[in-house]
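S.K.: Sharing a structure with you now.
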Amino acid sequence: MDLLEYQGKQLFARHGVPVPDGRSATVHPLRHHEAIGGAGAGKALNLARLGVDVTLFAGIGEDDAGRHVRVGLVAAGVDLRATLDPTGTAQHVNLMDPDGGRISIMLANGSADLAFDQVALAASMAEADVIVADLAPWTPRAVPAAVASGRPIWTDLHDHDGTSSWHAPFIDAAEVIFVSHDRLPDPRTFLGSLVERGKRFAVCTMGADGAIALDADGREYAVPAVPDVEIVDSNGAGDGFFAGTLFGVLDGAPLEVAPPSVER
């Protein structure tokens, strides 16, 4: 299992306060914490906890955040193939409201010109059951090698609006696509357009409304959100859902029962 994404970002999550509405504001959080996050690291951590052999190619800086990320990923059982990112470890601050609304403030994005080991990456991808190509500054340059490997590719478009050209290489390459409903005017129509392009299936996560999926045979699946549950931290929920679905599919489960319960 390979994940093409940059390293886990440091998260500084704040809870229990309204997200600012565009006006000047002073925010008093109920609590805050730091954690290893980011799309690639979040998926890798969840898959490793489920017992999947995971190799993560990542750019990490020679800084305190990078050292924290390295230790955490390796301790979780992730086979980390880190490349030194001269711009430092990618990090962001998340401001959260009680309903899971989020503002992400990017402190460092990671380098788009990361000098990754193309030979090692191609060799690892050739042996992968699935390649997960996540959105990171450097991963578009790795997508052609992923396609050339002939291995199944999954991707997560996050808050894609359905039209952004930056996402096009990932959409073209992947056979399975996940996306959030946040910026999609019509999620079902977008999923249908992906299936029409030959995707194996496409999934849209919809927050409190659960998730929907459409497969290549036109079957639609709907998964409701779990009711009456205390939400401690919604950061990384999409990565956990993605990892659970991938684990279930690899384990031979039908799509409608693929996502298991994943503890964070």
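Residues in the structure tokens are numbered from 1 in each chain, the chains being A, B, ... in the order shown, and ligands are numbered from 1 in the order shown.
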Extract, using only C-alpha atoms, all DNA, RNA and protein residues at most 9 Å from Gly42 (chain A), discarding same-chain residues fewer than 5 positions from it, and format them as a list in words.
M.R.: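 Contacts, in chain order: Gly8, Ile36, Gly37, Leu47, Gly236, Ala237, Gly238, Asp239, Gly240 and Ala243 of chain A.
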S.K.: Could you give me, as number ranges by chain, the residues within 10 Å of Ala123 (chain A), counting only C-alpha atoms and dropping anything in the same chain fewer than 4 positions from it?
M.R.: A: 118-119, 127-128, 145, 149
S.K.: Where in region 93-138 of chain A does DSSP assign alpha helix (DSSP H), given as a ChimeraX atom specification?
M.R.: /A:118-126
S.K.: From the options A:Leu121, A:Pro185, A:Val203, A:Pro227, which residue's atoms come nearest to Thr245 (chain A), counting only C-alpha atoms?
M.R.: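 Closest to Thr245 (chain A) of all the choices is A:Val203.
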S.K.: Pick out the residues sitting within 8 Å of Ser111 (chain A), and hand them over as number ranges by chain; count only C-alpha atoms, and ignore anything fewer than 4 positions along from it in its own chain.
M.R.: A: 59, 85-87, 137-138
S.K.: Pick the closest to Gly51 (chain A) from A:Ile177, A:Leu250, A:Pro152, A:Ala216: which is it, counting only C-alpha atoms?
M.R.: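 Between A:Ile177, A:Leu250, A:Pro152, A:Ala216, the residue approaching Gly51 (chain A) most closely is A:Leu250.
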S.K.: For a test of reading the model, state the distance in Å between CA of Ala25 (chain A) and CA of His92 (chain A), rounded to one decimal.
M.R.: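 Between CA of Ala25 (chain A) and CA of His92 (chain A) the gap is 19.5 Å.
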S.K.: Would you please extract all strand (DSSP E or B) residues from region 119-223 of chain A, as assigned by DSSP on the backbone, and give them as a PyMOL selection string?
M.R.: chain A and resi 131-134+153-156+176-180+201-205+211-215+220-223
S.K.: Which one of A:Arg219, A:His32, A:Arg23, A:His158 sits closest to His181 (chain A) if you count only C-alpha atoms?
M.R.: A:His158
S.K.: Suppose you want the space between CA of Leu255 (chain A) and CA of Val78 (chain A); what is it in Å?
M.R.: 25.6 Å
S.K.: Could you jot down the CA of Ser234 (chain A) to CA of Asp251 (chain A) separation for me, Å, one decimal place?
M.R.: 26.0 Å
S.K.: At a cut-off of 12 Å, using only C-alpha atoms, what residues contact Val249 (chain A)? Leave out same-chain residues fewer than 2 positions from it and give the result as number ranges by chain.
M.R.: A: 129-130, 154, 176, 200-201, 242-247, 251-260
S.K.: Pull C-alpha atoms from the residues just selected and write them as a PDB file, in the first residue's frame.
M.R.:
```
ATOM      1  CA  ASP A 129      -2.140  -3.361  -3.857  1.00  0.00           C
ATOM      2  CA  VAL A 130      -3.453   0.190  -4.096  1.00  0.00           C
ATOM      3  CA  TRP A 154      -7.501   5.958  -5.281  1.00  0.00           C
ATOM      4  CA  VAL A 176     -11.849   5.388  -7.101  1.00  0.00           C
ATOM      5  CA  ARG A 200     -15.008   2.019 -10.379  1.00  0.00           C
ATOM      6  CA  PHE A 201     -16.954   4.017  -7.816  1.00  0.00           C
ATOM      7  CA  PHE A 242     -11.502   6.806   3.416  1.00  0.00           C
ATOM      8  CA  ALA A 243      -9.128   4.425   5.212  1.00  0.00           C
ATOM      9  CA  GLY A 244     -11.993   2.345   6.560  1.00  0.00           C
ATOM     10  CA  THR A 245     -13.552   2.013   3.122  1.00  0.00           C
ATOM     11  CA  LEU A 246     -10.224   1.047   1.559  1.00  0.00           C
ATOM     12  CA  PHE A 247      -9.586  -1.507   4.293  1.00  0.00           C
ATOM     13  CA  ASP A 251     -10.681  -7.306   2.743  1.00  0.00           C
ATOM     14  CA  GLY A 252     -13.318  -8.284   0.193  1.00  0.00           C
ATOM     15  CA  ALA A 253     -16.306  -6.581   1.795  1.00  0.00           C
ATOM     16  CA  PRO A 254     -19.083  -5.298  -0.482  1.00  0.00           C
ATOM     17  CA  LEU A 255     -19.153  -1.532  -0.815  1.00  0.00           C
ATOM     18  CA  GLU A 256     -22.226  -1.026   1.340  1.00  0.00           C
ATOM     19  CA  VAL A 257     -20.523  -2.522   4.398  1.00  0.00           C
ATOM     20  CA  ALA A 258     -16.897  -1.617   3.658  1.00  0.00           C
ATOM     21  CA  PRO A 259     -16.157   1.108   6.263  1.00  0.00           C
ATOM     22  CA  PRO A 260     -15.434  -0.403   9.695  1.00  0.00           C
TER      23      PRO A 260
END
```
